[in-house]
Structure formats: C-alpha cells, structure tokens
>>> print(open('my_file.txt').read())   # compact mmCIF, C-alpha atoms
# COMPACT_ATOMS: atom_id res chain seq x y z
CA MET A 1 129.08 124.39 69.12
CA LYS A 2 131.97 124.35 71.60
CA VAL A 3 130.93 124.42 75.27
CA LEU A 4 133.19 124.98 78.28
CA PHE A 5 132.19 123.60 81.70
CA LEU A 6 133.68 125.26 84.80
CA VAL A 7 133.39 122.80 87.70
CA HIS A 8 135.39 123.47 90.87
CA THR A 9 135.34 119.80 91.96
CA PRO A 10 137.33 116.66 91.04
CA VAL A 11 134.59 115.79 88.49
CA ASP A 12 134.29 112.14 89.50
CA SER A 13 130.74 111.84 90.89
CA GLU A 14 128.78 114.80 89.51
CA PRO A 15 125.84 113.21 87.63
CA VAL A 16 124.55 116.57 86.39
CA VAL A 17 127.87 117.44 84.75
CA PHE A 18 128.08 114.10 82.95
CA SER A 19 124.41 114.18 81.93
CA LEU A 20 124.60 117.64 80.39
CA GLY A 21 127.94 116.88 78.75
CA ARG A 22 126.66 113.73 77.11
CA ALA A 23 123.35 115.34 76.13
CA LEU A 24 125.31 118.05 74.29
CA THR A 25 127.69 115.64 72.60
CA GLN A 26 124.75 113.51 71.44
CA LEU A 27 123.61 116.65 69.59
CA GLY A 28 127.01 116.97 67.94
CA ASP A 29 128.56 119.58 70.25
CA GLN A 30 132.05 119.53 71.77
CA VAL A 31 132.46 119.84 75.55
CA LEU A 32 135.59 120.67 77.53
CA CYS A 33 135.10 120.27 81.29
CA VAL A 34 137.65 121.88 83.64
CA GLY A 35 137.81 120.50 87.19
CA TYR A 36 140.67 119.98 89.64
CA SER A 37 142.86 116.96 90.30
CA ASN A 38 142.28 115.13 93.58
CA ASN A 39 142.29 111.60 95.06
CA GLY A 40 144.58 110.20 92.40
CA LEU A 41 142.34 111.14 89.47
CA ALA A 42 144.05 111.56 86.11
CA PRO A 43 144.87 115.20 85.21
CA LYS A 44 143.32 114.62 81.81
CA SER A 45 140.76 112.14 80.54
CA LEU A 46 140.66 110.77 77.03
CA PRO A 47 137.94 112.51 75.00
CA GLN A 48 134.82 110.37 74.72
CA GLN A 49 132.62 111.30 71.78
CA GLY A 50 133.48 114.98 72.11
CA PHE A 51 133.44 115.16 75.94
CA GLU A 52 136.85 115.84 77.50
CA ILE A 53 137.76 116.46 81.15
CA VAL A 54 140.87 118.39 82.19
CA ARG A 55 141.73 118.51 85.89
CA VAL A 56 143.91 121.35 87.20
CA LEU A 57 146.52 120.30 89.77
CA ARG A 58 145.70 122.12 93.02
CA GLY A 59 148.87 121.35 94.95
CA ASN A 60 149.08 120.54 98.64
CA TRP A 61 150.11 123.85 100.23
CA GLY A 62 149.51 122.26 103.63
CA PHE A 63 151.99 124.61 105.33
CA LEU A 64 149.74 127.63 104.63
CA PRO A 65 146.83 128.74 106.83
CA ARG A 66 143.53 127.42 105.51
CA PRO A 67 142.17 130.71 104.04
CA LEU A 68 145.43 131.40 102.21
CA ARG A 69 145.72 127.77 101.08
CA GLY A 70 142.22 127.93 99.62
CA ALA A 71 142.96 131.23 97.88
CA VAL A 72 146.12 129.83 96.27
CA ARG A 73 144.31 126.71 95.07
CA LEU A 74 141.38 128.67 93.66
CA SER A 75 143.72 131.13 91.95
CA ARG A 76 145.59 128.25 90.31
CA TYR A 77 142.30 126.84 89.10
CA TRP A 78 141.07 130.20 87.74
CA CYS A 79 144.35 130.93 85.94
CA SER A 80 144.59 127.47 84.38
CA ALA A 81 140.93 127.45 83.36
CA ALA A 82 141.28 130.92 81.80
CA ALA A 83 144.28 129.76 79.76
CA LEU A 84 142.41 126.66 78.58
CA ALA A 85 139.40 128.81 77.66
CA ARG A 86 141.53 131.14 75.54
CA ASP A 87 142.84 128.20 73.53
CA TYR A 88 139.43 126.51 73.33
CA ASP A 89 137.48 129.66 72.33
CA PRO A 90 134.05 128.40 73.49
CA ASP A 91 130.67 129.43 72.12
CA ALA A 92 129.10 128.88 75.54
CA VAL A 93 130.34 128.64 79.15
CA VAL A 94 128.41 126.72 81.82
CA SER A 95 129.34 127.54 85.44
CA PHE A 96 128.51 124.89 88.05
CA GLY A 97 128.74 126.82 91.32
CA TYR A 98 129.16 130.39 92.54
CA ASP A 99 132.91 129.90 93.11
CA VAL A 100 133.54 129.98 89.34
CA LEU A 101 131.18 132.85 88.47
CA PRO A 102 133.92 135.53 88.65
CA LEU A 103 135.97 133.46 86.22
CA ALA A 104 133.00 133.09 83.86
CA HIS A 105 132.49 136.85 84.00
CA ARG A 106 136.15 137.38 83.11
CA LEU A 107 135.68 135.16 80.05
CA SER A 108 132.64 137.11 78.90
CA SER A 109 132.32 138.30 75.31
CA PRO A 110 129.38 139.19 73.07
CA ALA A 111 129.97 135.99 71.08
CA CYS A 112 129.86 133.68 74.12
CA ALA A 113 126.70 132.59 75.97
CA HIS A 114 126.94 132.20 79.76
CA VAL A 115 124.87 129.74 81.78
CA TYR A 116 124.78 129.45 85.58
CA TYR A 117 123.77 125.89 86.51
CA CYS A 118 123.21 126.04 90.28
CA THR A 119 123.18 122.49 91.66
CA GLU A 120 123.08 123.43 95.37
CA TYR A 121 121.22 126.01 97.39
CA SER A 122 123.69 128.04 99.44
CA PRO A 123 122.20 130.15 102.25
CA THR A 124 123.60 133.43 103.52
CA PRO A 125 127.28 132.88 104.35
CA THR A 126 128.35 132.43 107.97
CA LEU A 127 131.52 133.68 109.66
CA ARG A 128 133.08 130.27 108.99
CA ASP A 129 132.29 130.68 105.28
CA TYR A 130 134.09 134.03 105.28
CA TYR A 131 137.03 132.46 107.08
CA THR A 132 137.44 129.88 104.30
CA GLY A 133 137.02 132.56 101.65
CA PHE A 134 133.90 131.12 100.05
CA GLY A 135 131.69 133.53 101.96
CA VAL A 136 133.08 136.40 99.88
CA LEU A 137 132.38 134.52 96.66
CA LYS A 138 128.85 133.71 97.83
CA ARG A 139 128.26 137.36 98.72
CA PHE A 140 129.05 138.39 95.15
CA GLU A 141 126.95 135.61 93.60
CA LYS A 142 123.96 137.96 93.04
CA HIS A 143 126.13 140.47 91.20
CA PHE A 144 127.54 137.94 88.75
CA ILE A 145 124.19 136.20 88.18
CA LEU A 146 122.84 139.42 86.70
CA GLU A 147 125.53 139.04 84.02
CA MET A 148 124.44 135.49 83.12
CA ASP A 149 122.36 134.86 79.99
CA TYR A 150 120.55 131.83 81.42
CA VAL A 151 120.09 130.47 84.95
CA VAL A 152 119.20 126.88 85.90
CA SER A 153 118.13 125.47 89.27
CA VAL A 154 117.52 121.83 90.14
CA GLU A 155 114.34 121.97 92.25
CA PRO A 156 111.21 124.19 91.97
CA ASN A 157 111.10 125.32 95.62
CA ARG A 158 114.78 126.20 95.62
CA ALA A 159 114.27 128.07 92.35
CA ALA A 160 111.53 130.24 93.87
CA VAL A 161 113.72 131.17 96.85
CA GLN A 162 116.75 131.75 94.67
CA ALA A 163 114.81 134.01 92.31
CA ARG A 164 113.76 136.20 95.25
CA GLU A 165 117.28 136.33 96.69
CA TRP A 166 118.96 136.96 93.34
CA LYS A 167 116.28 139.39 92.13
CA ARG A 168 116.43 137.54 88.84
CA ASN A 169 114.15 134.88 87.40
CA VAL A 170 115.36 131.30 87.16
CA ASP A 171 114.97 130.40 83.49
CA CYS A 172 114.65 126.66 83.88
CA VAL A 173 114.35 123.92 86.52
CA ILE A 174 116.13 120.68 85.61
CA LEU A 175 115.77 117.83 88.07
CA ASN A 176 118.95 115.87 88.85
CA ALA A 177 118.25 112.99 86.48
CA PRO A 178 120.60 110.80 84.41
CA LEU A 179 120.25 110.22 80.68
CA PHE A 180 117.92 107.61 79.25
CA ASN A 181 119.83 104.78 77.61
CA ASP A 182 118.13 102.07 75.54
CA ALA A 183 120.61 99.33 76.48
CA LEU A 184 120.33 100.12 80.20
CA ASP A 185 116.54 100.15 79.94
CA ARG A 186 116.53 96.70 78.32
CA HIS A 187 118.90 95.38 81.00
CA ALA A 188 116.72 96.78 83.80
CA ARG A 189 113.59 95.21 82.31
CA ALA A 190 115.35 91.85 82.05
CA CYS A 191 116.17 92.07 85.78
CA LEU A 192 112.55 92.60 86.89
CA SER A 193 111.28 89.81 89.12
CA GLY A 194 108.72 89.31 91.84
CA GLY A 195 108.77 87.44 95.15
CA GLY A 196 111.65 86.48 97.39
CA PRO A 197 113.47 88.67 99.93
CA LEU A 198 113.18 92.44 99.61
CA ARG A 199 116.57 93.63 98.34
CA LEU A 200 117.10 97.26 99.33
CA VAL A 201 119.98 99.43 98.13
CA TYR A 202 121.33 102.83 99.11
CA ALA A 203 123.72 104.58 96.69
CA GLY A 204 125.32 107.91 97.51
CA GLY A 205 127.00 109.91 100.23
CA VAL A 206 126.32 108.87 103.81
CA ALA A 207 125.64 111.60 106.39
CA PRO A 208 123.29 112.08 109.35
CA ARG A 209 120.73 113.68 107.01
CA ASN A 210 120.25 110.32 105.21
CA CYS A 211 118.62 108.71 108.27
CA LEU A 212 120.14 105.26 107.69
CA PRO A 213 120.32 104.16 111.37
CA GLN A 214 116.50 104.26 111.59
CA LEU A 215 116.37 102.02 108.53
CA PHE A 216 118.94 99.64 110.08
CA GLN A 217 116.75 99.26 113.14
CA ALA A 218 113.67 98.47 111.06
CA ILE A 219 115.55 95.88 108.98
CA ALA A 220 116.88 94.09 112.07
CA THR A 221 113.38 92.79 112.93
CA ARG A 222 112.42 91.88 109.34
CA PRO A 223 114.26 88.69 108.29
CA THR A 224 113.19 88.92 104.62
CA VAL A 225 114.77 92.36 104.06
CA THR A 226 118.40 93.04 103.10
CA LEU A 227 120.26 96.30 102.54
CA ASP A 228 123.45 97.03 100.59
CA ILE A 229 125.10 100.47 100.83
CA TYR A 230 127.37 101.88 98.11
CA GLY A 231 129.03 105.22 98.72
CA TRP A 232 131.36 107.38 100.72
CA ILE A 233 130.86 108.40 104.35
CA GLN A 234 131.08 112.02 105.47
CA PRO A 235 134.41 112.17 107.37
CA SER A 236 132.94 113.82 110.49
CA TYR A 237 130.25 111.11 110.65
CA ARG A 238 132.42 108.11 109.81
CA LYS A 239 133.27 106.89 113.32
CA GLU A 240 129.68 107.17 114.58
CA PHE A 241 128.22 105.60 111.45
CA LEU A 242 130.55 102.62 111.39
CA LYS A 243 129.76 101.90 115.04
CA LEU A 244 126.01 101.95 114.31
CA LEU A 245 126.51 99.88 111.18
CA ASP A 246 128.42 97.21 113.08
CA GLN A 247 125.77 97.14 115.82
CA TRP A 248 122.82 96.70 113.46
CA THR A 249 124.64 94.41 111.04
CA ARG A 250 125.15 91.95 113.88
CA ALA A 251 121.59 92.46 115.14
CA SER A 252 120.19 91.76 111.66
CA GLY A 253 122.21 88.61 111.10
CA ASN A 254 124.52 90.24 108.55
CA ARG A 255 121.70 91.38 106.27
CA ILE A 256 123.18 94.90 106.08
CA ALA A 257 126.43 95.42 104.16
CA LEU A 258 128.64 98.38 103.26
CA HIS A 259 130.40 98.28 99.88
CA PRO A 260 132.92 100.62 98.22
CA GLN A 261 131.59 103.41 96.05
CA VAL A 262 130.76 102.20 92.54
CA ALA A 263 132.13 104.00 89.49
CA TYR A 264 129.39 106.14 88.00
CA GLN A 265 129.34 104.28 84.68
CA ASP A 266 128.88 100.96 86.52
CA LEU A 267 126.10 102.15 88.83
CA PRO A 268 123.05 101.29 86.63
CA HIS A 269 124.04 97.62 86.30
CA THR A 270 124.80 97.40 90.02
CA LEU A 271 121.42 98.89 90.97
CA ALA A 272 119.42 96.68 88.61
CA ALA A 273 120.12 93.68 90.88
CA TYR A 274 117.88 95.17 93.62
CA ASP A 275 114.15 95.68 94.21
CA ALA A 276 113.96 99.10 95.85
CA GLY A 277 116.20 102.10 96.43
CA VAL A 278 116.32 104.14 99.62
CA CYS A 279 116.03 107.93 99.50
CA LEU A 280 115.43 109.14 103.08
CA TYR A 281 116.18 112.67 104.30
CA ASP A 282 115.71 114.85 107.32
CA ALA A 283 114.68 118.47 106.73
CA ALA A 284 117.45 120.20 108.67
CA HIS A 285 118.92 122.07 105.69
CA PRO A 286 117.38 123.69 102.58
CA ASN A 287 119.17 121.19 100.33
CA THR A 288 117.38 118.33 102.07
CA ALA A 289 114.09 120.11 102.77
CA TRP A 290 113.99 120.87 99.02
CA ALA A 291 115.81 117.76 97.89
CA SER A 292 116.29 116.94 94.21
CA PRO A 293 118.22 113.71 94.72
CA ALA A 294 120.07 112.21 91.77
CA LYS A 295 119.80 108.80 93.44
CA LEU A 296 116.00 108.89 93.12
CA PHE A 297 116.24 109.03 89.33
CA GLU A 298 119.15 106.57 89.22
CA TYR A 299 116.90 104.09 91.02
CA MET A 300 114.05 104.70 88.58
CA ARG A 301 116.34 104.33 85.55
CA SER A 302 117.44 100.93 86.90
CA GLY A 303 113.86 99.73 87.46
CA LEU A 304 113.73 100.03 91.25
CA ALA A 305 110.83 101.06 93.41
CA VAL A 306 111.70 103.99 95.72
CA LEU A 307 111.31 104.33 99.48
CA THR A 308 111.41 108.07 100.17
CA THR A 309 110.49 110.71 102.69
CA ASP A 310 108.02 113.40 101.64
CA GLN A 311 110.22 116.28 100.54
CA PRO A 312 108.19 118.04 97.81
CA THR A 313 110.01 116.86 94.69
CA PRO A 314 110.59 113.18 95.66
CA LYS A 315 107.00 112.99 96.92
CA GLN A 316 105.59 114.42 93.70
CA VAL A 317 107.75 112.23 91.45
CA VAL A 318 107.08 108.96 93.30
CA GLU A 319 103.36 109.54 93.82
CA ARG A 320 102.77 110.77 90.27
CA SER A 321 104.49 107.75 88.78
CA ASP A 322 103.26 105.27 91.43
CA ALA A 323 106.84 104.06 91.65
CA GLY A 324 107.29 103.51 95.37
CA VAL A 325 106.29 104.40 98.91
CA VAL A 326 106.37 107.89 100.45
CA ILE A 327 106.51 108.28 104.23
CA PRO A 328 106.01 111.58 106.11
CA ALA A 329 109.34 111.33 107.97
CA ALA A 330 112.22 108.93 108.62
CA ASP A 331 110.51 107.65 111.75
CA LEU A 332 111.13 104.04 112.81
CA ARG A 333 107.45 103.09 112.89
CA LEU A 334 106.78 104.62 109.48
CA ILE A 335 109.79 102.89 107.95
CA GLU A 336 108.62 99.55 109.39
CA GLN A 337 105.18 100.05 107.88
CA ALA A 338 106.70 100.88 104.49
CA LEU A 339 108.90 97.77 104.55
CA ASP A 340 105.89 95.63 105.45
CA GLU A 341 103.97 97.12 102.52
CA LEU A 342 106.80 96.36 100.09
CA THR A 343 107.37 92.80 101.33
CA SER A 344 103.71 91.73 101.62
CA GLN A 345 102.69 92.64 98.06
CA PRO A 346 105.26 91.27 95.58
CA GLN A 347 103.08 91.95 92.51
CA ARG A 348 102.46 95.50 93.68
CA LEU A 349 106.22 95.96 94.10
CA LEU A 350 106.78 94.61 90.59
CA GLY A 351 104.21 97.10 89.27
CA MET A 352 106.04 99.95 91.00
CA ARG A 353 109.29 98.89 89.34
CA ARG A 354 107.67 98.83 85.91
CA ASN A 355 106.17 102.27 86.56
CA ALA A 356 109.59 103.60 87.55
CA LEU A 357 111.01 102.58 84.18
CA LYS A 358 108.02 103.89 82.27
CA PHE A 359 107.93 107.34 83.87
CA PHE A 360 111.68 107.75 83.88
CA ARG A 361 111.69 107.32 80.12
CA SER A 362 108.66 109.49 79.41
CA ASP A 363 109.07 112.32 81.94
CA TYR A 364 112.16 112.26 84.14
CA CYS A 365 115.18 111.33 82.05
CA TYR A 366 117.72 114.09 81.49
CA GLN A 367 116.86 114.45 77.80
CA ARG A 368 113.31 115.50 78.80
CA GLN A 369 114.34 117.64 81.76
CA SER A 370 117.06 119.58 79.94
CA ALA A 371 115.19 120.17 76.67
CA PRO A 372 114.49 123.89 77.37
CA LEU A 373 118.16 124.62 78.13
CA LEU A 374 119.44 122.68 75.11
CA GLU A 375 116.95 124.38 72.79
CA TRP A 376 117.90 127.81 74.15
CA MET A 377 121.63 127.16 73.67
CA HIS A 378 121.19 125.98 70.10
CA SER A 379 118.70 128.69 69.15
CA LEU A 380 121.18 131.29 70.37
CA GLN A 381 123.90 129.64 68.33
CA ARG A 382 121.67 129.65 65.25
CA GLU A 383 120.94 133.35 65.69
CA ARG A 384 124.63 134.15 66.06
CA LEU A 385 125.47 132.16 62.92
CA LYS A 386 122.83 134.15 61.03
CA VAL A 387 124.37 137.41 62.23
CA THR A 388 127.86 136.22 61.27
CA ALA A 389 126.61 135.16 57.83
CA GLY A 390 124.95 138.58 57.38
CA TYR A 391 128.22 140.37 58.19
CA ALA A 392 130.05 138.13 55.72
CA ARG A 393 127.62 138.93 52.90
CA SER A 394 127.83 142.67 53.57
>>> encode(input="my_file.txt", output="structure tokens")
Amino acid sequence: MKVLFLVHTPVDSEPVVFSLGRALTQLGDQVLCVGYSNNGLAPKSLPQQGFEIVRVLRGNWGFLPRPLRGAVRLSRYWCSAAALARDYDPDAVVSFGYDVLPLAHRLSSPACAHVYYCTEYSPTPTLRDYYTGFGVLKRFEKHFILEMDYVVSVEPNRAAVQAREWKRNVDCVILNAPLFNDALDRHARACLSGGGPLRLVYAGGVAPRNCLPQLFQAIATRPTVTLDIYGWIQPSYRKEFLKLLDQWTRASGNRIALHPQVAYQDLPHTLAAYDAGVCLYDAAHPNTAWASPAKLFEYMRSGLAVLTTDQPTPKQVVERSDAGVVIPAADLRLIEQALDELTSQPQRLLGMRRNALKFFRSDYCYQRQSAPLLEWMHSLQRERLKVTAGYARS
C-alpha cells in the first residue's frame, strides 16, 4: 500500500508522523511525507525502508504583508503536494492538521482512503487567526472532516469535545507514543541503577505552560537533585526564561543546565542516562488541560520514572503503571514533596523505572496504540483488492 502524509510543518520533530510512518513501513507499506523546507533542512531526505520525506520550499516573501505571505506559502505547498500526489498515486492520504484538509479533499477519489489525524485541539478561531488566514481554514474544518473516511484524535477528552464540535464520531484515540524498539529497550534496561543523586531531565519545547521556574526553585534547595533541559524555547518567552534559568542555575550551584535540542533519533539514548523525566503543565489551554504529551512516553520508553501534573491522561498512565509521581498542580510545595519522595526511596524509584519499561511495551507503545488504525487501513485495502480482482475476472 502507498500512503501519502500531508504535514504542513518542517517535519523535524513530529514524533507522531515518524511513529506512524515507521509502523506502516514495518508492515511493508510505502510512505511519502510532504512537509515544507525550513531552518536549513534538506528539501528531500533519503528514503529509509520505504519512508521518504519531501520538503516544499516555502520562500521568504518577507516584503509581503503577513496574511498575503502566508497565503502564498500555503498555495505553494498545496500545489507542490498535489503534483507529488499525482505522480505517487497513493492508496491512502493521511492529513495532519486542518490546514491541509482542503488539499486532501481535492485529492479525493473512490480508490483512495482519507484519514484525518488531528494532533492538536484548535478552539474557535479568533480575529488574529482570521488575520493570519488560518481562521478561515479552521472554520471549514468541520465541512472537510465529514468527507474523511477515518478520524483520529490523540487524547480521550479532546476526542469527546471534537466529536461534539465536528458532529462526527472520532474513530480512534491514539496517544502520542513512540514505537517500541527491542534494542532501545535492552539499552534502557542496562542503564537502570539505584542510589546516588536524582538526575532529572526535561525534553521538549519550553514555554510558560511547562512550569519549569517552579521546578528550578525546588531544585535550588535540594543538593542531591540535578536537571538537564533539552529543547527549544518559545521565542516570546526566551528572554524571560533565560533570565530565570541564569538566576536559579547560580542559586543551585550549577545543578541546572540547558542543552541544545537533541535529534529525534538520538533522544532515547540521551534520556536513558537519567532517572526521571519532567512533564509539568498548567491548565490554561485545552491542549495542556487535556495533554497527551509525547515526552511522557519517550521517558517511559527510556526507562525513566515520570514527574507529572494531574492532567487526565498523564495521571491515568502514570498511576496505572506505577511509573512515577503525580502532583495536583505545579505548585512549589508539591514539587518539593515529589522530589523528596523520589530522592528518599531509591529502590522505589528503581521500581518505577522498571514499571515504565514494562507498561510502555505492553500498553503504551505506538504499535499497540495505533493497531485499530493500521488494521482499518489494511482491511480497506484488502477489500479494494478483492473488488479489483472481481472486476478483472468479469
């Protein structure tokens, strides 16, 4: 089966896209992923076991007003992706985001299955959204979803809200998990150890919603706790964050460190050197109130315990697997108590890490989560092959 991914991003740090692509290629399918070129990324990647990425050059267009610049860039993407699709002739199209749904609809044919894989919850568009042009696309999301054959969401609470807003059932919920890999699992198990300083890690985007300054403050008064941060900082938050980081790094005796973002393929080995991963959120936005954080499952795959706030999905995953500590909110006192719990019971921490590996493999890896979608795609393909064979015989 040939599958086309439409992803209106640079396709450099989208775990869901890579997980689904590799899950399909492991089943013998071909995947062509169309993104856009940005930040020096290569326009085309070498195919890896049937998974190829093509990035459309957006162009600068900095002399144009923002709405017009965005329209030109999106039009270039749509036109290039449509041309690639005609040559590729896919059996299925997977749209990651409402901004490519009109393009997916344009590519529709009775022989092609269409999947909408919604990785973010987008509320009713604001005036600013209309100014950038994406508000119009969001407004028409409901219309195009009715044309989709299969709809995926990434968190149960989001899925319930989305189903009401779209007036269409969500067919499947797939949590934002990476693939299970035997070699990575063996490496993570070899890295398990108990005792010594508590080595915390945070991997992912840094924004106010991640509540890291509260964690800094708690670490400053706990000399046996360290924290390493890997990721990019939200531009509007960068100046404030770096000032707070410098303040608390000095206060902690340099036990807090910021590192460059790690390439996705290198992340599991990097994480395995730590004891616990941080997954704190506020609840100011639906995407954090109903969080389905990829980092949570990356931590579990690498054999880390998880320190998380009690958003429904992280809470359920961590408590069900006994793989970490859940706190009601990113409050300084609660974070301090959680750190004390993790540092005072090294054997308990080691047990949490073992549980993380066990439950990731059995319940939360992408192969398990995506099984309903993969079975649906292949059953549809089997049915279409039967129909084609019947026409040929007649």
>>> residues_around(input="my_file.txt", residues="range 350-357 of chain A", least_positions_apart="3", cutoff="9 Å", atoms="all atoms listed in the file", output="ChimeraX atom specification")
/A:185,188-189,192-195,275-276,297,299-306,318,321-324,345-347,360-362
>>> atom_distance(input="my_file.txt", atom1="CA of Gln261 in chain A", atom2="CA of Arg22 in chain A")
22.1 Å
>>> closest_residue(input="my_file.txt", among="A:Arg55, A:Lys243, A:Arg222, A:Leu373", to="Trp78 in chain A", atoms="all atoms listed in the file")
A:Arg55
>>> closest_residue(input="my_file.txt", among="A:Gln265, A:Asn60, A:Gln316, A:Gln217", to="Glu14 in chain A", atoms="all atoms listed in the file")
A:Gln265
>>> residues_around(input="my_file.txt", residues="Tyr88 in chain A", least_positions_apart="3", cutoff="10 Å", atoms="all atoms listed in the file", output="PyMOL selection string")
chain A and resi 2-4+31-32+82-85+91
>>> atom_distance(input="my_file.txt", atom1="CA of Leu244 in chain A", atom2="CA of Ala263 in chain A")
25.6 Å
>>> residues_near_point(input="my_file.txt", point="(122.3, 118.5, 69.1)", cutoff="10 Å", atoms="all atoms listed in the file", output="MDAnalysis selection string")
chainID A and resid 1 23:29 374:375 377:378
>>> residues_around(input="my_file.txt", residues="Cys211 in chain A", least_positions_apart="4", cutoff="10 Å", atoms="only C-alpha atoms", output="PyMOL selection string")
chain A and resi 206-207+215-216+279-282+329-332
>>> residues_around(input="my_file.txt", residues="range 154-160 of chain A", least_positions_apart="6", cutoff="6 Å", atoms="all atoms listed in the file", output="PyMOL selection string")
chain A and resi 119+173-175+292
>>> closest_residue(input="my_file.txt", among="A:Pro213, A:Leu380, A:Val17, A:Tyr230", to="Asp246 in chain A", atoms="all atoms listed in the file")
A:Pro213
>>> atom_distance(input="my_file.txt", atom1="CA of Pro312 in chain A", atom2="CA of Trp290 in chain A")
6.6 Å
>>> closest_residue(input="my_file.txt", among="A:Gly204, A:Gly97, A:Pro102, A:Gly231", to="Ser122 in chain A", atoms="all atoms listed in the file")
A:Gly97
>>> closest_residue(input="my_file.txt", among="A:Leu212, A:Ile219, A:Leu349, A:Leu179", to="Gly21 in chain A", atoms="all atoms listed in the file")
A:Leu179
>>> closest_residue(input="my_file.txt", among="A:Tyr130, A:Tyr274, A:Thr124, A:Met148", to="Cys191 in chain A", atoms="all atoms listed in the file")
A:Tyr274
>>> residues_around(input="my_file.txt", residues="Pro208 in chain A", least_positions_apart="6", cutoff="12 Å", atoms="all atoms listed in the file", output="PyMOL selection string")
chain A and resi 214+233-241+244+280-285+288+330
>>> residues_near_point(input="my_file.txt", point="(122.3, 91.2, 109.8)", cutoff="12 Å", atoms="all atoms listed in the file", output="list in words")
Phe216, Gln217, Ala218, Ile219, Ala220, Thr221, Arg222, Pro223, Thr224, Val225, Thr226, Leu227, Asp228, Leu245, Asp246, Gln247, Trp248, Thr249, Arg250, Ala251, Ser252, Gly253, Asn254, Arg255, Ile256, Ala257 and Leu258 of chain A
>>> build_atoms(input="my_file.txt", residues="range 110-132 of chain A", atoms="N, CA and C atoms", output="mmCIF file, in the frame of the given file")
data_model
loop_
_atom_site.group_PDB
_atom_site.id
_atom_site.type_symbol
_atom_site.label_atom_id
_atom_site.label_comp_id
_atom_site.auth_asym_id
_atom_site.auth_seq_id
_atom_site.Cartn_x
_atom_site.Cartn_y
_atom_site.Cartn_z
ATOM 1 N N PRO A 110 130.684 139.182 73.744
ATOM 2 C CA PRO A 110 129.380 139.190 73.070
ATOM 3 C C PRO A 110 129.101 137.897 72.300
ATOM 4 N N ALA A 111 130.143 137.207 71.890
ATOM 5 C CA ALA A 111 129.970 135.990 71.080
ATOM 6 C C ALA A 111 129.812 134.739 71.917
ATOM 7 N N CYS A 112 129.869 134.861 73.242
ATOM 8 C CA CYS A 112 129.860 133.680 74.120
ATOM 9 C C CYS A 112 128.651 133.737 75.058
ATOM 10 N N ALA A 113 127.844 132.671 75.060
ATOM 11 C CA ALA A 113 126.700 132.590 75.970
ATOM 12 C C ALA A 113 127.158 132.078 77.329
ATOM 13 N N HIS A 114 126.551 132.602 78.404
ATOM 14 C CA HIS A 114 126.940 132.200 79.760
ATOM 15 C C HIS A 114 125.732 131.640 80.517
ATOM 16 N N VAL A 115 125.917 130.440 81.046
ATOM 17 C CA VAL A 115 124.870 129.740 81.780
ATOM 18 C C VAL A 115 125.344 129.502 83.207
ATOM 19 N N TYR A 116 124.494 129.811 84.188
ATOM 20 C CA TYR A 116 124.780 129.450 85.580
ATOM 21 C C TYR A 116 123.888 128.277 85.937
ATOM 22 N N TYR A 117 124.491 127.117 86.178
ATOM 23 C CA TYR A 117 123.770 125.890 86.510
ATOM 24 C C TYR A 117 123.988 125.633 87.993
ATOM 25 N N CYS A 118 123.044 126.071 88.819
ATOM 26 C CA CYS A 118 123.210 126.040 90.280
ATOM 27 C C CYS A 118 122.679 124.712 90.826
ATOM 28 N N THR A 119 123.574 123.814 91.210
ATOM 29 C CA THR A 119 123.180 122.490 91.660
ATOM 30 C C THR A 119 122.892 122.409 93.154
ATOM 31 N N GLU A 120 123.311 123.416 93.920
ATOM 32 C CA GLU A 120 123.080 123.430 95.370
ATOM 33 C C GLU A 120 122.520 124.785 95.784
ATOM 34 N N TYR A 121 121.662 124.754 96.802
ATOM 35 C CA TYR A 121 121.220 126.010 97.390
ATOM 36 C C TYR A 121 122.184 126.386 98.507
ATOM 37 N N SER A 122 122.743 127.579 98.423
ATOM 38 C CA SER A 122 123.690 128.040 99.440
ATOM 39 C C SER A 122 123.067 129.210 100.195
ATOM 40 N N PRO A 123 122.796 129.056 101.483
ATOM 41 C CA PRO A 123 122.200 130.150 102.250
ATOM 42 C C PRO A 123 123.193 131.269 102.497
ATOM 43 N N THR A 124 122.741 132.308 103.185
ATOM 44 C CA THR A 124 123.600 133.430 103.520
ATOM 45 C C THR A 124 124.870 132.937 104.211
ATOM 46 N N PRO A 125 126.035 133.404 103.776
ATOM 47 C CA PRO A 125 127.280 132.880 104.350
ATOM 48 C C PRO A 125 127.442 133.195 105.836
ATOM 49 N N THR A 126 128.070 132.260 106.539
ATOM 50 C CA THR A 126 128.350 132.430 107.970
ATOM 51 C C THR A 126 129.779 132.952 108.141
ATOM 52 N N LEU A 127 130.153 133.235 109.388
ATOM 53 C CA LEU A 127 131.520 133.680 109.660
ATOM 54 C C LEU A 127 132.531 132.618 109.233
ATOM 55 N N ARG A 128 132.187 131.350 109.417
ATOM 56 C CA ARG A 128 133.080 130.270 108.990
ATOM 57 C C ARG A 128 133.276 130.310 107.472
ATOM 58 N N ASP A 129 132.191 130.597 106.740
ATOM 59 C CA ASP A 129 132.290 130.680 105.280
ATOM 60 C C ASP A 129 133.237 131.810 104.872
ATOM 61 N N TYR A 130 133.181 132.925 105.591
ATOM 62 C CA TYR A 130 134.090 134.030 105.280
ATOM 63 C C TYR A 130 135.527 133.662 105.625
ATOM 64 N N TYR A 131 135.691 132.879 106.680
ATOM 65 C CA TYR A 131 137.030 132.460 107.080
ATOM 66 C C TYR A 131 137.680 131.611 105.984
ATOM 67 N N THR A 132 136.896 130.730 105.361
ATOM 68 C CA THR A 132 137.440 129.880 104.300
ATOM 69 C C THR A 132 137.560 130.618 102.981
#
